[in-house]
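Student: Take a look at target_11.txt, compact mmCIF, C-alpha atoms and all ligand atoms:
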# COMPACT_ATOMS: atom_id res chain seq x y z
CA MET A 1 5.06 6.18 -17.75
CA PHE A 2 2.71 4.89 -15.04
CA LEU A 3 4.68 5.64 -11.85
CA GLU A 4 8.19 7.03 -11.96
CA VAL A 5 10.19 7.91 -8.85
CA LYS A 6 13.46 9.69 -9.56
CA GLY A 7 16.20 10.70 -7.12
CA LEU A 8 13.80 10.87 -4.19
CA THR A 9 15.51 12.22 -1.05
CA LYS A 10 14.17 13.13 2.39
CA HIS A 11 16.03 14.21 5.53
CA PHE A 12 14.70 14.39 9.09
CA ASP A 13 16.94 16.39 11.44
CA GLY A 14 20.26 14.99 10.34
CA VAL A 15 18.91 11.55 9.33
CA THR A 16 18.69 10.82 5.61
CA ALA A 17 15.56 8.67 5.69
CA VAL A 18 15.36 8.30 1.89
CA ASP A 19 18.53 8.75 -0.12
CA ASN A 20 18.36 9.17 -3.90
CA VAL A 21 15.76 6.46 -4.53
CA SER A 22 14.61 5.81 -8.10
CA PHE A 23 12.25 3.18 -9.50
CA LYS A 24 9.41 2.66 -11.94
CA VAL A 25 6.21 0.73 -11.45
CA PHE A 26 4.16 -0.64 -14.34
CA PRO A 27 0.41 -1.38 -14.50
CA GLY A 28 -0.40 -4.95 -13.46
CA GLU A 29 2.71 -5.59 -11.38
CA ILE A 30 3.39 -6.12 -7.71
CA PHE A 31 6.42 -4.09 -6.71
CA ALA A 32 7.75 -4.73 -3.20
CA LEU A 33 9.78 -2.36 -1.09
CA ILE A 34 11.71 -4.16 1.62
CA GLY A 35 14.49 -3.40 4.06
CA PRO A 36 15.35 -3.63 7.75
CA ASN A 37 13.52 -1.49 10.33
CA GLY A 38 14.03 2.22 9.74
CA ALA A 39 15.21 1.68 6.14
CA GLY A 40 12.87 4.40 4.84
CA LYS A 41 10.03 2.32 3.36
CA THR A 42 7.14 4.15 5.00
CA THR A 43 8.77 7.50 4.23
CA VAL A 44 8.83 6.53 0.52
CA PHE A 45 5.07 5.78 0.77
CA ASN A 46 4.46 9.11 2.48
CA LEU A 47 6.40 10.90 -0.26
CA ILE A 48 4.51 9.15 -3.07
CA SER A 49 1.08 9.69 -1.51
CA GLY A 50 1.73 13.37 -0.80
CA ILE A 51 1.79 13.20 3.00
CA LEU A 52 5.40 14.37 2.93
CA LYS A 53 7.20 16.58 0.42
CA PRO A 54 10.66 15.45 -0.76
CA ASP A 55 13.76 17.57 -0.22
CA SER A 56 14.70 16.66 -3.76
CA GLY A 57 13.60 14.29 -6.48
CA ASP A 58 10.48 13.67 -8.54
CA VAL A 59 7.42 11.50 -8.33
CA LYS A 60 5.38 11.30 -11.54
CA PHE A 61 2.12 9.36 -11.82
CA LYS A 62 0.59 9.08 -15.28
CA GLY A 63 2.71 12.07 -16.30
CA LYS A 64 1.60 14.30 -13.40
CA ASP A 65 4.08 15.71 -10.88
CA LEU A 66 2.80 14.49 -7.50
CA THR A 67 5.21 16.54 -5.40
CA VAL A 68 3.07 19.65 -5.89
CA LEU A 69 -0.26 17.94 -5.12
CA LYS A 70 -2.15 17.34 -1.87
CA PRO A 71 -2.99 13.77 -0.76
CA PHE A 72 -6.68 14.09 -1.75
CA GLN A 73 -5.70 15.34 -5.22
CA ILE A 74 -3.39 12.36 -5.62
CA ARG A 75 -6.20 10.00 -4.60
CA THR A 76 -8.49 11.39 -7.27
CA LEU A 77 -5.79 10.64 -9.86
CA GLY A 78 -6.23 6.93 -9.09
CA MET A 79 -3.89 6.11 -6.23
CA ALA A 80 -4.95 4.65 -2.88
CA ARG A 81 -3.05 3.46 0.18
CA THR A 82 -3.45 1.64 3.44
CA PHE A 83 -1.57 2.37 6.66
CA GLN A 84 0.50 0.23 9.04
CA ASN A 85 -1.99 1.04 11.80
CA LEU A 86 -5.57 0.31 10.85
CA GLN A 87 -7.63 3.44 10.29
CA LEU A 88 -11.18 2.07 10.22
CA PHE A 89 -14.27 3.85 11.52
CA SER A 90 -15.09 1.52 14.37
CA SER A 91 -18.64 2.74 14.91
CA MET A 92 -19.62 2.04 11.31
CA SER A 93 -20.60 -1.22 9.64
CA SER A 94 -18.06 -2.88 7.38
CA VAL A 95 -19.79 -1.83 4.18
CA GLU A 96 -20.11 1.77 5.40
CA ASN A 97 -16.36 1.82 5.90
CA VAL A 98 -15.86 0.67 2.33
CA MET A 99 -18.41 3.20 1.05
CA ALA A 100 -16.47 5.97 2.82
CA GLY A 101 -13.48 5.02 0.64
CA ALA A 102 -15.59 5.10 -2.51
CA HIS A 103 -16.66 8.69 -1.86
CA VAL A 104 -13.14 9.80 -2.66
CA THR A 105 -13.93 9.46 -6.34
CA GLY A 106 -17.70 10.05 -6.07
CA LYS A 107 -18.87 12.47 -8.75
CA LYS A 108 -21.43 14.14 -6.49
CA GLY A 109 -19.67 16.35 -3.99
CA PHE A 110 -19.94 16.31 -0.23
CA VAL A 111 -22.24 19.36 -0.16
CA GLN A 112 -24.55 17.79 -2.72
CA SER A 113 -24.71 14.66 -0.56
CA LEU A 114 -25.65 16.73 2.48
CA LEU A 115 -28.36 18.58 0.57
CA ARG A 116 -29.55 15.31 -0.95
CA LEU A 117 -29.61 16.82 -4.42
CA PRO A 118 -30.89 14.74 -7.37
CA GLY A 119 -28.49 12.06 -8.49
CA VAL A 120 -27.11 11.47 -5.02
CA ALA A 121 -29.47 8.61 -4.14
CA ILE A 122 -28.63 6.83 -7.39
CA GLU A 123 -24.95 7.32 -6.78
CA GLU A 124 -25.28 6.03 -3.20
CA LYS A 125 -26.90 2.86 -4.53
CA GLU A 126 -24.13 2.46 -7.05
CA THR A 127 -21.52 3.04 -4.32
CA TYR A 128 -23.20 0.42 -2.12
CA ARG A 129 -23.24 -2.08 -4.99
CA LEU A 130 -19.58 -1.44 -5.79
CA SER A 131 -18.59 -1.66 -2.12
CA VAL A 132 -20.36 -4.99 -1.65
CA SER A 133 -18.67 -6.37 -4.75
CA VAL A 134 -15.22 -5.24 -3.55
CA MET A 135 -15.89 -6.83 -0.14
CA ARG A 136 -16.85 -10.12 -1.82
CA GLU A 137 -13.62 -10.01 -3.81
CA MET A 138 -11.70 -9.69 -0.54
CA GLY A 139 -13.55 -12.69 0.93
CA LEU A 140 -15.68 -10.50 3.19
CA GLY A 141 -19.03 -11.30 1.55
CA SER A 142 -20.55 -12.56 4.81
CA ASP A 143 -19.53 -9.46 6.78
CA ILE A 144 -21.32 -6.69 4.87
CA ASP A 145 -23.32 -5.45 7.88
CA THR A 146 -20.93 -6.54 10.62
CA PRO A 147 -19.69 -3.58 12.70
CA ALA A 148 -16.07 -3.02 11.66
CA SER A 149 -14.95 -3.07 15.30
CA THR A 150 -16.20 -6.62 15.88
CA LEU A 151 -14.40 -8.16 12.89
CA PRO A 152 -11.36 -10.29 13.73
CA PHE A 153 -8.08 -8.43 13.15
CA GLY A 154 -7.26 -10.28 9.93
CA LYS A 155 -10.60 -9.33 8.42
CA GLN A 156 -10.16 -5.72 9.53
CA ARG A 157 -6.95 -5.63 7.50
CA LEU A 158 -8.78 -7.01 4.46
CA LEU A 159 -11.54 -4.45 5.07
CA GLU A 160 -9.02 -1.66 4.97
CA ILE A 161 -7.79 -2.93 1.62
CA ALA A 162 -11.42 -3.17 0.41
CA ARG A 163 -11.94 0.44 1.46
CA ALA A 164 -8.88 1.54 -0.50
CA LEU A 165 -10.10 -0.43 -3.51
CA SER A 166 -13.59 1.05 -3.48
CA GLY A 167 -12.15 4.30 -4.84
CA ALA A 168 -11.30 2.22 -7.96
CA PRO A 169 -7.56 3.01 -7.85
CA GLU A 170 -5.11 2.00 -10.58
CA LEU A 171 -2.25 1.95 -8.08
CA LEU A 172 -2.55 0.68 -4.52
CA LEU A 173 0.11 1.22 -1.83
CA LEU A 174 -0.04 -1.34 0.97
CA ASP A 175 1.96 -0.71 4.15
CA GLU A 176 2.61 -4.02 5.92
CA PRO A 177 -0.72 -5.67 5.07
CA ALA A 178 0.36 -9.02 6.58
CA ALA A 179 1.36 -7.58 9.98
CA GLY A 180 -0.52 -9.36 12.76
CA LEU A 181 -2.18 -11.88 10.44
CA ASN A 182 -2.15 -15.61 11.18
CA ALA A 183 -0.92 -18.14 8.61
CA GLY A 184 -4.36 -18.72 7.06
CA GLU A 185 -5.11 -15.01 6.81
CA THR A 186 -1.70 -14.32 5.28
CA LYS A 187 -2.36 -16.95 2.61
CA GLN A 188 -5.76 -15.41 1.87
CA LEU A 189 -4.10 -11.99 1.61
CA ALA A 190 -1.49 -13.25 -0.87
CA GLU A 191 -4.24 -14.80 -3.02
CA ASN A 192 -6.17 -11.53 -2.96
CA LEU A 193 -3.13 -9.52 -4.00
CA LYS A 194 -2.50 -11.85 -6.93
CA LYS A 195 -6.15 -11.49 -7.99
CA LEU A 196 -5.82 -7.71 -7.96
CA ARG A 197 -2.75 -7.97 -10.18
CA GLU A 198 -4.68 -10.16 -12.61
CA LYS A 199 -7.24 -7.38 -12.91
CA GLY A 200 -4.47 -5.02 -14.04
CA LEU A 201 -3.96 -3.12 -10.78
CA ALA A 202 -0.44 -2.09 -9.82
CA LEU A 203 0.53 -2.67 -6.19
CA ILE A 204 3.43 -1.36 -4.16
CA LEU A 205 3.91 -3.49 -1.13
CA VAL A 206 5.91 -2.69 1.99
CA GLU A 207 6.11 -5.92 3.91
CA HIS A 208 8.29 -7.66 6.48
CA ASP A 209 6.79 -11.10 5.86
CA MET A 210 9.34 -12.43 3.37
CA ASP A 211 7.35 -15.52 2.42
CA THR A 212 4.54 -13.28 1.23
CA VAL A 213 6.92 -10.90 -0.58
CA MET A 214 8.75 -13.74 -2.33
CA GLU A 215 5.47 -15.37 -3.32
CA VAL A 216 3.68 -12.37 -4.79
CA ALA A 217 6.25 -9.77 -5.89
CA ASP A 218 7.29 -9.37 -9.52
CA ARG A 219 10.16 -7.07 -8.60
CA ILE A 220 11.69 -6.04 -5.29
CA LEU A 221 13.61 -2.92 -4.29
CA VAL A 222 15.73 -3.22 -1.14
CA LEU A 223 16.51 -0.18 0.97
CA ASN A 224 19.05 0.03 3.77
CA PHE A 225 19.42 3.28 5.74
CA GLY A 226 17.42 4.98 2.99
CA ILE A 227 19.81 3.82 0.25
CA PRO A 228 18.70 1.46 -2.55
CA ILE A 229 21.02 -1.55 -2.33
CA ALA A 230 19.38 -3.99 -4.75
CA MET A 231 16.54 -4.30 -7.22
CA GLY A 232 15.42 -7.46 -8.97
CA THR A 233 13.17 -10.48 -9.08
CA PRO A 234 12.55 -12.46 -5.88
CA GLU A 235 15.12 -14.99 -7.07
CA GLU A 236 17.76 -12.31 -7.65
CA ILE A 237 17.07 -10.64 -4.30
CA ARG A 238 17.19 -13.94 -2.41
CA ASN A 239 20.69 -14.55 -3.70
CA ASP A 240 22.06 -11.02 -3.38
CA THR A 241 25.03 -10.84 -1.01
CA GLN A 242 24.49 -7.17 -0.09
CA VAL A 243 20.89 -7.90 0.82
CA LYS A 244 21.83 -10.86 2.98
CA LYS A 245 24.41 -8.69 4.73
CA ALA A 246 21.89 -5.89 5.37
CA TYR A 247 19.47 -8.33 6.94
CA LEU A 248 21.98 -10.32 8.93
CA GLY A 249 20.93 -10.32 12.56
CA GLU A 250 18.03 -8.00 11.72
CA ASP A 251 15.38 -10.28 10.42
CA GLU A 252 15.50 -14.01 10.84
CA GLU A 253 12.53 -14.37 8.56
CA PHE A 254 14.58 -13.17 5.61
CA GLU A 255 17.39 -15.57 6.48
CA TYR A 256 14.82 -18.33 6.63
CA ALA A 257 13.32 -17.34 3.27
CA ALA A 258 16.76 -16.99 1.71
CA GLY A 259 17.70 -20.43 2.97
CA ALA A 260 14.40 -21.98 1.98
CA GLY A 261 14.66 -20.74 -1.58
CA ALA A 262 18.31 -21.65 -2.10
N1 LIG B 1 8.48 12.21 10.96
C1 LIG B 1 9.72 11.84 11.24
N2 LIG B 1 10.55 12.61 11.98
C2 LIG B 1 11.83 12.26 12.23
N3 LIG B 1 12.37 11.11 11.79
C3 LIG B 1 11.60 10.28 11.06
C4 LIG B 1 10.23 10.60 10.75
N4 LIG B 1 9.72 9.58 10.01
C5 LIG B 1 10.71 8.68 9.87
N5 LIG B 1 11.83 9.09 10.49
C6 LIG B 1 13.13 8.39 10.51
O1 LIG B 1 13.44 8.09 9.17
C7 LIG B 1 14.01 6.80 9.07
C8 LIG B 1 13.17 5.92 8.15
O2 LIG B 1 11.92 5.65 8.79
P1 LIG B 1 10.75 4.82 8.10
O3 LIG B 1 9.61 4.78 9.06
O4 LIG B 1 10.48 5.37 6.74
O5 LIG B 1 11.41 3.38 7.95
P2 LIG B 1 10.72 1.98 7.62
O6 LIG B 1 11.62 1.29 6.67
O7 LIG B 1 9.31 2.21 7.18
O8 LIG B 1 10.75 1.27 9.04
P3 LIG B 1 9.81 0.11 9.65
O9 LIG B 1 10.08 -1.11 8.86
O10 LIG B 1 10.31 0.01 11.06
O11 LIG B 1 8.40 0.61 9.56
C9 LIG B 1 14.13 6.27 10.48
O12 LIG B 1 15.40 6.57 10.97
C10 LIG B 1 13.07 7.05 11.24
O13 LIG B 1 13.41 7.18 12.60
Write out the structure in this file as structure tokens.
Tutor:
Amino acid sequence: MFLEVKGLTKHFDGVTAVDNVSFKVFPGEIFALIGPNGAGKTTVFNLISGILKPDSGDVKFKGKDLTVLKPFQIRTLGMARTFQNLQLFSSMSSVENVMAGAHVTGKKGFVQSLLRLPGVAIEEKETYRLSVSVMREMGLGSDIDTPASTLPFGKQRLLEIARALSGAPELLLLDEPAAGLNAGETKQLAENLKKLREKGLALILVEHDMDTVMEVADRILVLNFGIPIAMGTPEEIRNDTQVKKAYLGEDEEFEYAAGAGA
């Protein structure tokens, strides 16, 4: 099994943030995790990527138990993530940011890089080449040397995805990638996500923008107060009464999307 989450549960001082959540993700699919504010989506990401440890439940990635591993160990297994708040190195150029992501899986270690031991220069060149190619894929081909801090916000978001991709992950976790993007940038993002799926990558997407979710997701899991309330295709989720009830008054966007698709 590629990714299997079973009975995942996490409490924070009396609040059950994630309550017995189970799902599987397959290679080459976009799996979306949605739910009203505070539903537990980011906590699920933190549990999968090793930032938090579950109170109970299992997370297995390619047969390995992730709950006993540290975040960097999980990254080297082929999983990458982005964060709700951008975490770019603002003093670096765009391509240097992407190269920093590639070093996660670099074969030459950090100490070797510092000592400039043989093989490092070749690997740096290879990393640069890979980083440029990932940036082009994300539509950032004209921004290779642009300082990350001067990129428009939408491009900074794409750059963060490029950085996550430069570690050549098989599974990418994206936390609200469309937040703060304008309509054109959101469209570009959706196209990019579909391209990544075509290449066989699996994506788990936490996203409030329902148009984007409904357009790109193969399957959707809906959480409410940490509890899974529905799982299915966009069509099934759009028409699910429990889901509509959970969102009522919470998120007009969902109501709009539900109405638009009906
Ligand atoms: N580190 C923490 N300490 C205490 N409570 C937390 C912590 N992290 C999350 N929570 C609580 O757990 C619940 C789930 O939060 P989480 O951030 O996972 O939800 P979410 O679905 O990602 O929300 P949003 O859509 O607003 O980002 C909330 O009640 C939140 O207040």
Student: Could you build a table of the residues in chain A lying no more than 8 Å from ligand LIG 1 (chain B), giving for each the nearest pair of atoms and their separation in Å rounded to one decimal place, using all atoms listed in the file, ordered by chain and ascending residue number, as JSON lines?
Tutor:
{"residue": "A:His11", "atom": "CA", "partner": "B:LIG1", "partner_atom": "O1", "distance": 7.6}
{"residue": "A:Phe12", "atom": "CA", "partner": "B:LIG1", "partner_atom": "C2", "distance": 4.8}
{"residue": "A:Asp13", "atom": "CA", "partner": "B:LIG1", "partner_atom": "C2", "distance": 6.6}
{"residue": "A:Val15", "atom": "CA", "partner": "B:LIG1", "partner_atom": "O12", "distance": 6.3}
{"residue": "A:Thr16", "atom": "CA", "partner": "B:LIG1", "partner_atom": "O1", "distance": 6.9}
{"residue": "A:Ala17", "atom": "CA", "partner": "B:LIG1", "partner_atom": "O1", "distance": 4.1}
{"residue": "A:Val18", "atom": "CA", "partner": "B:LIG1", "partner_atom": "C8", "distance": 7.0}
{"residue": "A:Ile34", "atom": "CA", "partner": "B:LIG1", "partner_atom": "O6", "distance": 7.4}
{"residue": "A:Gly35", "atom": "CA", "partner": "B:LIG1", "partner_atom": "O6", "distance": 6.1}
{"residue": "A:Pro36", "atom": "CA", "partner": "B:LIG1", "partner_atom": "O9", "distance": 5.9}
{"residue": "A:Asn37", "atom": "CA", "partner": "B:LIG1", "partner_atom": "O10", "distance": 3.6}
{"residue": "A:Gly38", "atom": "CA", "partner": "B:LIG1", "partner_atom": "O5", "distance": 3.4}
{"residue": "A:Ala39", "atom": "CA", "partner": "B:LIG1", "partner_atom": "O6", "distance": 3.6}
{"residue": "A:Gly40", "atom": "CA", "partner": "B:LIG1", "partner_atom": "O4", "distance": 3.2}
{"residue": "A:Lys41", "atom": "CA", "partner": "B:LIG1", "partner_atom": "O6", "distance": 3.8}
{"residue": "A:Thr42", "atom": "CA", "partner": "B:LIG1", "partner_atom": "O7", "distance": 3.6}
{"residue": "A:Thr43", "atom": "CA", "partner": "B:LIG1", "partner_atom": "O4", "distance": 3.7}
{"residue": "A:Val44", "atom": "CA", "partner": "B:LIG1", "partner_atom": "O4", "distance": 6.5}
{"residue": "A:Gln84", "atom": "CA", "partner": "B:LIG1", "partner_atom": "O11", "distance": 7.9}
{"residue": "A:Val206", "atom": "CA", "partner": "B:LIG1", "partner_atom": "O7", "distance": 7.9}
{"residue": "A:Glu207", "atom": "CA", "partner": "B:LIG1", "partner_atom": "O9", "distance": 8.0}
{"residue": "A:His208", "atom": "CA", "partner": "B:LIG1", "partner_atom": "O9", "distance": 7.2}
{"residue": "A:Leu223", "atom": "CA", "partner": "B:LIG1", "partner_atom": "O6", "distance": 7.7}
{"residue": "A:Phe225", "atom": "CA", "partner": "B:LIG1", "partner_atom": "C8", "distance": 7.2}
{"residue": "A:Gly226", "atom": "CA", "partner": "B:LIG1", "partner_atom": "C8", "distance": 6.8}
Student: One number please: atom CA of A:Ser133 to atom CA of A:Asp209, in Å, one decimal.
Tutor: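 Separation of atom CA of A:Ser133 and atom CA of A:Asp209: 28.0 Å.
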Student: So the first atom is atom CA of A:Asn97 and the second is atom CA of A:Arg157; what is the distance between them in Å, to one decimal place?
Tutor: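 The value is 12.1 Å.
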Student: May I have the residues at most 12 Å from (-16.7, -11.5, -5.2) in the file's coordinates, counting all atoms listed in the file, as an MDAnalysis selection string?
Tutor: chainID A and resid 129:142 162 192 195:196
Student: Mind writing the picked residues with C-alpha atoms as a PDB file, in the coordinates of the input?
Tutor:
ATOM      1  CA  ARG A 129     -23.240  -2.080  -4.990  1.00  0.00           C
ATOM      2  CA  LEU A 130     -19.580  -1.440  -5.790  1.00  0.00           C
ATOM      3  CA  SER A 131     -18.590  -1.660  -2.120  1.00  0.00           C
ATOM      4  CA  VAL A 132     -20.360  -4.990  -1.650  1.00  0.00           C
ATOM      5  CA  SER A 133     -18.670  -6.370  -4.750  1.00  0.00           C
ATOM      6  CA  VAL A 134     -15.220  -5.240  -3.550  1.00  0.00           C
ATOM      7  CA  MET A 135     -15.890  -6.830  -0.140  1.00  0.00           C
ATOM      8  CA  ARG A 136     -16.850 -10.120  -1.820  1.00  0.00           C
ATOM      9  CA  GLU A 137     -13.620 -10.010  -3.810  1.00  0.00           C
ATOM     10  CA  MET A 138     -11.700  -9.690  -0.540  1.00  0.00           C
ATOM     11  CA  GLY A 139     -13.550 -12.690   0.930  1.00  0.00           C
ATOM     12  CA  LEU A 140     -15.680 -10.500   3.190  1.00  0.00           C
ATOM     13  CA  GLY A 141     -19.030 -11.300   1.550  1.00  0.00           C
ATOM     14  CA  SER A 142     -20.550 -12.560   4.810  1.00  0.00           C
ATOM     15  CA  ALA A 162     -11.420  -3.170   0.410  1.00  0.00           C
ATOM     16  CA  ASN A 192      -6.170 -11.530  -2.960  1.00  0.00           C
ATOM     17  CA  LYS A 195      -6.150 -11.490  -7.990  1.00  0.00           C
ATOM     18  CA  LEU A 196      -5.820  -7.710  -7.960  1.00  0.00           C
TER      19      LEU A 196
END
Student: How far is it from atom CA of A:Thr82 to atom CA of A:Leu203, in Å with one decimal?
Tutor: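 Going from atom CA of A:Thr82 over to atom CA of A:Leu203, I get 11.3 Å.
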Student: Which residues are near A:Leu151? Cut-off 12 Å, only C-alpha atoms, ignore same chain within fewer than 4 positions. Put them as JSON, numbers by chain.
Tutor: {"A": [88, 90, 91, 92, 93, 94, 140, 142, 143, 144, 145, 146, 147, 155, 156, 157, 158, 159, 160]}
Student: For the residues in the current selection, export C-alpha atoms as a PDB file, in the frame of the given file.
Tutor:
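Full text of selection.pdb as output:
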ATOM      1  CA  LEU A  88     -11.180   2.070  10.220  1.00  0.00           C
ATOM      2  CA  SER A  90     -15.090   1.520  14.370  1.00  0.00           C
ATOM      3  CA  SER A  91     -18.640   2.740  14.910  1.00  0.00           C
ATOM      4  CA  MET A  92     -19.620   2.040  11.310  1.00  0.00           C
ATOM      5  CA  SER A  93     -20.600  -1.220   9.640  1.00  0.00           C
ATOM      6  CA  SER A  94     -18.060  -2.880   7.380  1.00  0.00           C
ATOM      7  CA  LEU A 140     -15.680 -10.500   3.190  1.00  0.00           C
ATOM      8  CA  SER A 142     -20.550 -12.560   4.810  1.00  0.00           C
ATOM      9  CA  ASP A 143     -19.530  -9.460   6.780  1.00  0.00           C
ATOM     10  CA  ILE A 144     -21.320  -6.690   4.870  1.00  0.00           C
ATOM     11  CA  ASP A 145     -23.320  -5.450   7.880  1.00  0.00           C
ATOM     12  CA  THR A 146     -20.930  -6.540  10.620  1.00  0.00           C
ATOM     13  CA  PRO A 147     -19.690  -3.580  12.700  1.00  0.00           C
ATOM     14  CA  LYS A 155     -10.600  -9.330   8.420  1.00  0.00           C
ATOM     15  CA  GLN A 156     -10.160  -5.720   9.530  1.00  0.00           C
ATOM     16  CA  ARG A 157      -6.950  -5.630   7.500  1.00  0.00           C
ATOM     17  CA  LEU A 158      -8.780  -7.010   4.460  1.00  0.00           C
ATOM     18  CA  LEU A 159     -11.540  -4.450   5.070  1.00  0.00           C
ATOM     19  CA  GLU A 160      -9.020  -1.660   4.970  1.00  0.00           C
TER      20      GLU A 160
END
Student: Return the single residue from A:Gly7, A:Thr212, A:Asn20, A:Lys70 that is closest to A:Glu185, with distances computed using all atoms listed in the file.
Tutor: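 Going through A:Gly7, A:Thr212, A:Asn20, A:Lys70 one by one, the smallest distance to A:Glu185 is for A:Thr212.
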Student: Taking all atoms listed in the file into account, which of A:Leu165, A:Leu77, A:Ile237, A:Ala230 comes nearest A:Phe23?
Tutor: A:Ala230
Student: Please write out, as lines of an AutoDock Vina configuration file, where the centre of an axis-aligned box around all listed atoms of stretch 71-81 of chain A lies and how long its edges are, in Å to one decimal, after adding 3 Å on each side.
Tutor:
center_x = -5.7
center_y = 9.4
center_z = -4.8
size_x = 11.5
size_y = 17.9
size_z = 16.0
Student: I'd like to know which of A:Leu205, A:Gly28, A:Lys125, A:Phe72 is closest to A:Phe45, using all atoms listed in the file.
Tutor: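 Using all atoms listed in the file, A:Phe45 sits closest to A:Leu205.
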